[in-house]
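Asker: Handing over query_31.cif, mmCIF, C-alpha atoms.
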```cif
data_protein
loop_
_atom_site.label_atom_id
_atom_site.label_comp_id
_atom_site.auth_asym_id
_atom_site.auth_seq_id
_atom_site.Cartn_x
_atom_site.Cartn_y
_atom_site.Cartn_z
CA MET B 367 -11.59 28.79 -17.26
CA LYS B 368 -11.71 28.11 -13.55
CA LYS B 369 -9.03 26.00 -11.88
CA GLU B 370 -9.90 22.50 -10.76
CA LEU B 371 -7.15 21.40 -8.39
CA LYS B 372 -6.54 18.11 -6.67
CA ILE B 373 -4.67 18.65 -3.42
CA GLY B 374 -3.29 16.18 -0.89
CA ILE B 375 -2.59 16.98 2.77
CA VAL B 376 -0.21 14.62 4.57
CA ILE B 377 0.18 14.94 8.35
CA ALA B 378 2.19 12.59 10.54
CA ASP B 379 0.61 11.95 13.92
CA ASN B 380 -2.75 11.97 15.64
CA ASP B 381 -2.29 15.16 17.65
CA GLU B 382 -1.12 17.07 14.57
CA PHE B 383 -3.97 15.65 12.49
CA ALA B 384 -6.72 16.16 15.10
CA PRO B 385 -7.51 19.83 14.25
CA LEU B 386 -7.90 18.94 10.57
CA GLU B 387 -10.05 15.93 11.43
CA LYS B 388 -12.31 18.22 13.46
CA ARG B 389 -12.58 20.56 10.48
CA CYS B 390 -13.33 17.62 8.18
CA ILE B 391 -16.17 16.50 10.42
CA GLU B 392 -17.57 20.06 10.38
CA LEU B 393 -17.39 20.00 6.56
CA SER B 394 -19.14 16.60 6.44
CA ALA B 395 -16.06 15.23 4.70
CA THR B 396 -16.04 11.64 3.51
CA PRO B 397 -13.94 9.22 5.60
CA VAL B 398 -11.55 7.19 3.44
CA LYS B 399 -8.49 4.98 3.72
CA ILE B 400 -5.36 6.23 1.98
CA ALA B 401 -2.48 3.75 1.88
CA GLY B 402 -4.26 1.95 4.71
CA ARG B 403 -4.31 5.05 6.90
CA LYS B 404 -7.13 7.25 8.19
CA GLY B 405 -8.14 10.00 5.80
CA TYR B 406 -10.90 12.29 4.55
CA THR B 407 -11.91 13.83 1.24
CA PHE B 408 -13.74 17.12 0.81
CA SER B 409 -14.15 19.94 -1.71
CA LEU B 410 -13.58 23.68 -1.45
CA SER B 411 -14.68 26.42 -3.88
CA GLY B 412 -13.40 29.94 -4.49
CA GLU B 413 -13.56 32.78 -6.98
CA LYS B 414 -10.90 31.27 -9.27
CA GLY B 415 -11.96 27.63 -9.09
CA SER B 416 -12.26 24.64 -6.80
CA ALA B 417 -10.14 22.05 -5.05
CA ASP B 418 -10.79 18.40 -4.29
CA VAL B 419 -8.79 17.71 -1.13
CA ALA B 420 -7.65 14.36 0.24
CA ALA B 421 -6.14 14.46 3.74
CA VAL B 422 -4.35 11.58 5.45
CA GLU B 423 -2.80 10.90 8.84
CA CYS B 424 0.24 9.08 7.51
CA GLY B 425 2.04 8.03 10.69
CA ILE B 426 5.45 9.14 11.96
CA GLY B 427 8.64 8.68 9.96
CA LYS B 428 9.98 8.71 6.42
CA VAL B 429 8.51 5.39 5.23
CA ASN B 430 5.00 6.28 6.39
CA ALA B 431 5.25 9.76 4.89
CA ALA B 432 6.60 8.54 1.56
CA THR B 433 3.98 5.79 1.29
CA ALA B 434 1.03 8.13 1.85
CA THR B 435 2.49 10.79 -0.42
CA ALA B 436 3.05 8.28 -3.23
CA ALA B 437 -0.51 6.99 -2.85
CA LEU B 438 -1.88 10.51 -3.30
CA CYS B 439 0.44 11.17 -6.22
CA GLU B 440 -0.86 7.99 -7.88
CA GLN B 441 -4.36 9.45 -7.48
CA GLY B 442 -3.28 12.43 -9.58
CA VAL B 443 -2.96 15.24 -7.06
CA HIS B 444 -1.34 18.45 -8.30
CA ILE B 445 -0.11 19.60 -4.88
CA ILE B 446 0.95 18.00 -1.60
CA LEU B 447 0.81 20.12 1.56
CA ASN B 448 2.21 19.19 4.95
CA CYS B 449 2.26 20.69 8.42
CA GLY B 450 3.55 19.62 11.81
CA LEU B 451 6.11 20.29 14.50
CA SER B 452 9.87 20.58 13.99
CA GLY B 453 12.97 20.89 16.10
CA GLY B 454 14.82 24.17 15.77
CA ILE B 455 18.44 23.93 14.62
CA SER B 456 19.55 27.47 13.75
CA GLY B 457 17.91 30.83 13.13
CA VAL B 458 14.56 29.81 14.64
CA SER B 459 13.15 29.75 18.15
CA ARG B 460 10.43 27.74 19.86
CA ASN B 461 6.90 28.66 18.68
CA GLU B 462 8.13 30.30 15.48
CA ILE B 463 6.83 29.16 12.08
CA SER B 464 9.29 27.67 9.62
CA ILE B 465 8.76 27.04 5.92
CA PRO B 466 11.49 24.76 4.56
CA ASN B 467 12.58 25.59 1.03
CA SER B 468 15.04 22.69 0.75
CA PHE B 469 15.19 19.25 2.28
CA VAL B 470 17.89 16.66 3.00
CA GLU B 471 17.83 13.19 4.57
CA HIS B 472 20.48 13.49 7.27
CA ASP B 473 20.36 9.80 8.16
CA PHE B 474 21.16 8.58 4.62
CA ASP B 475 24.82 7.70 5.11
CA LEU B 476 27.16 6.25 2.49
CA THR B 477 30.20 8.09 3.82
CA GLY B 478 31.93 4.73 4.25
CA LEU B 479 31.83 4.41 0.45
CA GLY B 480 33.25 7.88 -0.15
CA TYR B 481 30.01 9.84 -0.55
CA LYS B 482 28.95 12.96 1.32
CA LEU B 483 26.48 12.56 4.17
CA CYS B 484 22.94 12.34 2.66
CA GLN B 485 24.32 12.01 -0.91
CA LYS B 486 22.51 9.42 -3.03
CA PRO B 487 24.52 7.97 -5.93
CA ASN B 488 23.33 8.94 -9.42
CA GLN B 489 20.33 10.96 -8.28
CA GLU B 490 19.32 14.26 -6.75
CA TYR B 491 19.46 14.24 -2.98
CA VAL B 492 18.57 17.82 -2.07
CA TYR B 493 14.88 18.43 -2.72
CA ASN B 494 13.01 21.73 -2.94
CA CYS B 495 9.59 23.12 -2.21
CA ASP B 496 7.50 24.76 -4.93
CA ASN B 497 8.42 28.44 -5.31
CA GLU B 498 4.89 29.60 -6.18
CA LEU B 499 3.48 27.95 -3.07
CA LEU B 500 6.35 29.35 -0.99
CA GLU B 501 5.55 32.91 -2.10
CA ILE B 502 1.87 32.44 -1.27
CA ALA B 503 2.76 31.07 2.17
CA LYS B 504 5.17 33.94 2.88
CA LYS B 505 2.40 36.45 2.19
CA ILE B 506 0.05 34.59 4.55
CA ILE B 507 2.75 34.09 7.22
CA PRO B 508 5.10 37.07 6.79
CA ASP B 509 7.07 36.31 9.97
CA ALA B 510 7.86 32.71 8.93
CA LYS B 511 11.51 31.69 8.70
CA VAL B 512 12.71 30.02 5.49
CA GLY B 513 15.60 27.56 5.27
CA THR B 514 16.73 23.94 5.05
CA ALA B 515 14.97 21.07 6.84
CA ALA B 516 17.02 18.01 7.80
CA THR B 517 14.90 14.86 7.95
CA GLY B 518 15.70 11.54 9.56
CA ASP B 519 14.07 8.60 11.32
CA ARG B 520 15.29 9.85 14.66
CA PHE B 521 13.86 12.37 17.11
CA VAL B 522 16.71 14.84 17.60
CA GLN B 523 17.37 15.60 21.27
CA ASN B 524 21.13 15.76 21.26
CA GLU B 525 23.29 18.86 21.07
CA SER B 526 26.05 17.07 19.13
CA LEU B 527 23.66 15.89 16.43
CA ARG B 528 22.00 19.31 16.34
CA ASP B 529 25.38 20.95 15.79
CA LEU B 530 26.24 18.44 13.06
CA LEU B 531 23.01 19.28 11.20
CA LYS B 532 23.78 22.98 11.54
CA ASN B 533 27.37 22.66 10.37
CA GLU B 534 26.91 20.00 7.67
CA PHE B 535 23.69 21.25 6.07
CA SER B 536 23.17 24.79 7.43
CA ALA B 537 19.88 23.34 8.63
CA MET B 538 17.15 25.58 10.01
CA SER B 539 15.05 22.75 11.41
CA CYS B 540 14.74 18.99 11.74
CA ASP B 541 11.82 16.59 11.45
CA MET B 542 11.03 12.99 10.56
CA GLU B 543 8.96 13.29 7.34
CA THR B 544 9.42 16.27 5.04
CA ALA B 545 12.40 15.22 2.91
CA ALA B 546 10.70 11.91 2.15
CA MET B 547 7.57 13.74 0.99
CA ALA B 548 9.63 16.21 -1.03
CA TYR B 549 11.50 13.39 -2.76
CA VAL B 550 8.30 11.57 -3.75
CA CYS B 551 6.76 14.81 -5.02
CA ALA B 552 9.88 15.52 -7.09
CA ALA B 553 9.73 12.03 -8.57
CA TYR B 554 6.08 12.50 -9.58
CA GLY B 555 6.38 16.13 -10.66
CA VAL B 556 3.97 17.25 -7.93
CA LYS B 557 4.26 20.61 -6.15
CA PHE B 558 5.18 20.40 -2.46
CA LEU B 559 5.06 22.76 0.50
CA SER B 560 5.46 22.23 4.24
CA VAL B 561 4.59 24.67 7.03
CA ARG B 562 6.00 23.74 10.45
CA LYS B 563 5.98 25.12 13.99
CA VAL B 564 9.16 24.89 16.05
CA SER B 565 8.45 22.92 19.21
CA ASP B 566 11.93 22.66 20.73
CA ASP B 567 15.63 23.37 20.23
CA ALA B 568 16.59 19.75 19.43
CA GLY B 569 18.64 19.64 22.64
CA SER B 570 18.49 17.38 25.67
CA ASP B 571 15.09 18.70 26.83
CA ALA B 572 13.50 18.48 23.38
CA GLY B 573 11.25 15.56 24.29
CA ASP B 574 9.44 17.39 27.07
CA ALA B 575 9.14 20.59 25.02
CA TYR B 576 7.78 18.68 22.03
CA ARG B 577 5.20 16.76 24.06
CA GLU B 578 4.01 19.94 25.76
CA LEU B 579 3.27 21.63 22.44
CA ASN B 580 2.08 18.55 20.56
CA ASN B 581 -0.49 17.74 23.24
CA LEU B 582 -2.19 21.09 22.60
CA SER B 583 -3.32 19.98 19.10
CA GLU B 584 -3.36 23.60 17.98
CA ASP B 585 -5.27 24.49 14.81
CA MET B 586 -2.90 27.28 13.68
CA LEU B 587 -1.02 25.22 11.09
CA ILE B 588 -4.21 23.71 9.67
CA ASN B 589 -5.63 27.21 9.28
CA TYR B 590 -2.51 28.25 7.36
CA LEU B 591 -2.84 25.29 4.98
CA LEU B 592 -6.50 26.10 4.33
CA GLU B 593 -5.59 29.76 3.71
CA ILE B 594 -3.00 28.62 1.17
CA ILE B 595 -5.60 26.48 -0.58
CA ASN B 596 -8.10 29.35 -0.58
CA ALA B 597 -5.45 31.61 -2.13
CA LEU B 598 -5.15 29.12 -5.00
CA ILE B 599 -8.88 28.87 -5.69
#
```
Give the structure from this file in structure tokens form.
Answerer:
Amino acid sequence: MKKELKIGIVIADNDEFAPLEKRCIELSATPVKIAGRKGYTFSLSGEKGSADVAAVECGIGKVNAATATAALCEQGVHIILNCGLSGGISGVSRNEISIPNSFVEHDFDLTGLGYKLCQKPNQEYVYNCDNELLEIAKKIIPDAKVGTAATGDRFVQNESLRDLLKNEFSAMSCDMETAAMAYVCAAYGVKFLSVRKVSDDAGSDAGDAYRELNNLSEDMLINYLLEIINALI
């Protein structure tokens, strides 16, 4: 029996989403609203089955990412994929590809009540990607670096914060969405994978480095996500 997958793609901002939107237009995808945000639906077929794909530009930050991800999970998707740019914390350099295998929310802080930084009382607070999807991605992107992503509603451009994320979490990278998506996927029992490109070193010049790369609207990451989908179908 052939697979029939339902896959969601959640991407934060317009420049990151633009290459996928171009591809959607080429595929005559159907424009839709997902959690009030711009999106498209389209179908792909392969030797092993097919995939109905719903893609959404969720907006920047954890709340936007979690909202769009939950909306897709409520629609019954089996997999959520994400791509975008990340700051490099340790073990990665600008322009390298990172695939986070674990995720923490570095700005969740109950240390004043005796908890560890990012620890959530009575629940899991370190989330993981799906191992099967990770192995597929590593075959497609053999040079990708794998490690922990630290997520927070703050653009990291500060050496002190960068060092804290490295020392506290052994973080590879930082971003503003992935841990929120990973948490929602864990809550719904949906597989999750994120593929990111390192835009900067999260230091004082991170803003300029990020804008330079983000403005290019490169299609590399979108191509990787589509290759991962094709490997599944």
Asker: Could you list the residues chosen by the PyMOL selection byres ((chain B and resi 376) around 8) in this structure as a ChimeraX atom specification?
Answerer: /B:374-375,377-378,421-424,431,434-435,446-449
Asker: I need the residue nearest Ala436 of chain B from this list: B:Ile400, B:Asn524, B:Arg460, B:Ser539. Use all atoms listed in the file for the distance.
Answerer: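 Among B:Ile400, B:Asn524, B:Arg460, B:Ser539, it is B:Ile400 that comes nearest to Ala436 of chain B.
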Asker: Kindly indicate which residue among B:Cys551, B:Ile502, B:Val522, B:Ala510 lies nearest to Leu592 of chain B, using only C-alpha atoms for the distances.
Answerer: B:Ile502
Asker: Which residues are close to Ile455 of chain B, i.e. within 10 Å by all atoms listed in the file, leaving aside same-chain residues fewer than 2 positions away? Reply as a PyMOL selection string.
Answerer: chain B and resi 452-453+457-459+514-516+522+525+527-533+536-540+564+566-569
Asker: Would you pick out the contacts of segment 557-559 of chain B at 12 Å or less, using all atoms listed in the file, so that residues sharing its chain but fewer than 4 positions from it are not included, and give the list as JSON, numbers by chain?
Answerer: {"B": [371, 372, 373, 374, 375, 376, 435, 439, 442, 443, 444, 445, 446, 447, 448, 449, 450, 464, 465, 466, 467, 468, 469, 493, 494, 495, 496, 497, 498, 499, 500, 501, 502, 503, 504, 512, 515, 544, 545, 546, 547, 548, 549, 550, 551, 552, 553, 590, 591, 594, 595]}
Asker: For Asp585 of chain B, which of B:Glu440, B:Glu370, B:Glu490, B:Asp381 is the closest residue, counting only C-alpha atoms?
Answerer: B:Asp381
Asker: Between atom CA of Tyr406 of chain B and atom CA of Glu392 of chain B, what is the distance in Å, rounded to a tenth?
Answerer: 11.8 Å
Asker: In Å, rounded to a single decimal, give me how far atom CA of Val419 of chain B is from atom CA of Pro385 of chain B.
Answerer: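 About the pair atom CA of Pro385 of chain B and atom CA of Val419 of chain B: they are 15.6 Å apart.
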Asker: For Arg520 of chain B, which of B:Ile599, B:Leu582, B:Met542, B:Val492 is the closest residue, counting all atoms listed in the file?
Answerer: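 Of B:Ile599, B:Leu582, B:Met542, B:Val492, the one nearest Arg520 of chain B, counting all atoms listed in the file, is B:Met542.
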Asker: Enter the distance from atom CA of Ile463 of chain B to atom CA of Ser526 of chain B, in Å, rounded to one decimal.
Answerer: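 Taking atom CA of Ile463 of chain B and atom CA of Ser526 of chain B, their separation equals 23.8 Å.
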Asker: Pick out the closest residue to Gly425 of chain B from this set: B:Glu382, B:Leu483, B:Arg389, B:Gln441. Count all atoms listed in the file.
Answerer: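 Of B:Glu382, B:Leu483, B:Arg389, B:Gln441, the one nearest Gly425 of chain B is B:Glu382, counting all atoms listed in the file.
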Asker: Which one of B:Phe474, B:Lys388, B:Leu451, B:Gly518 sits closest to Arg562 of chain B if you count all atoms listed in the file?
Answerer: B:Leu451
Asker: Using all atoms listed in the file - which residues lie no farther than 6 Å from the point (-9.4, 28.7, -8.6) in the file's frame? Write them as a list in words.
Answerer: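 The residues that fall inside the cut-off are Lys368, Lys369, Gly412, Lys414, Gly415, Ser416, Leu598 and Ile599 of chain B.
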Asker: Once you add 3 Å to each side, what are the centre and edge lengths of the axis-aligned box holding all listed atoms of segment 571-587 of chain B? One decimal in Å, as lines of an AutoDock Vina configuration file, if you can.
Answerer:
```
center_x = 4.9
center_y = 21.4
center_z = 19.1
size_x = 26.4
size_y = 17.7
size_z = 22.0
```
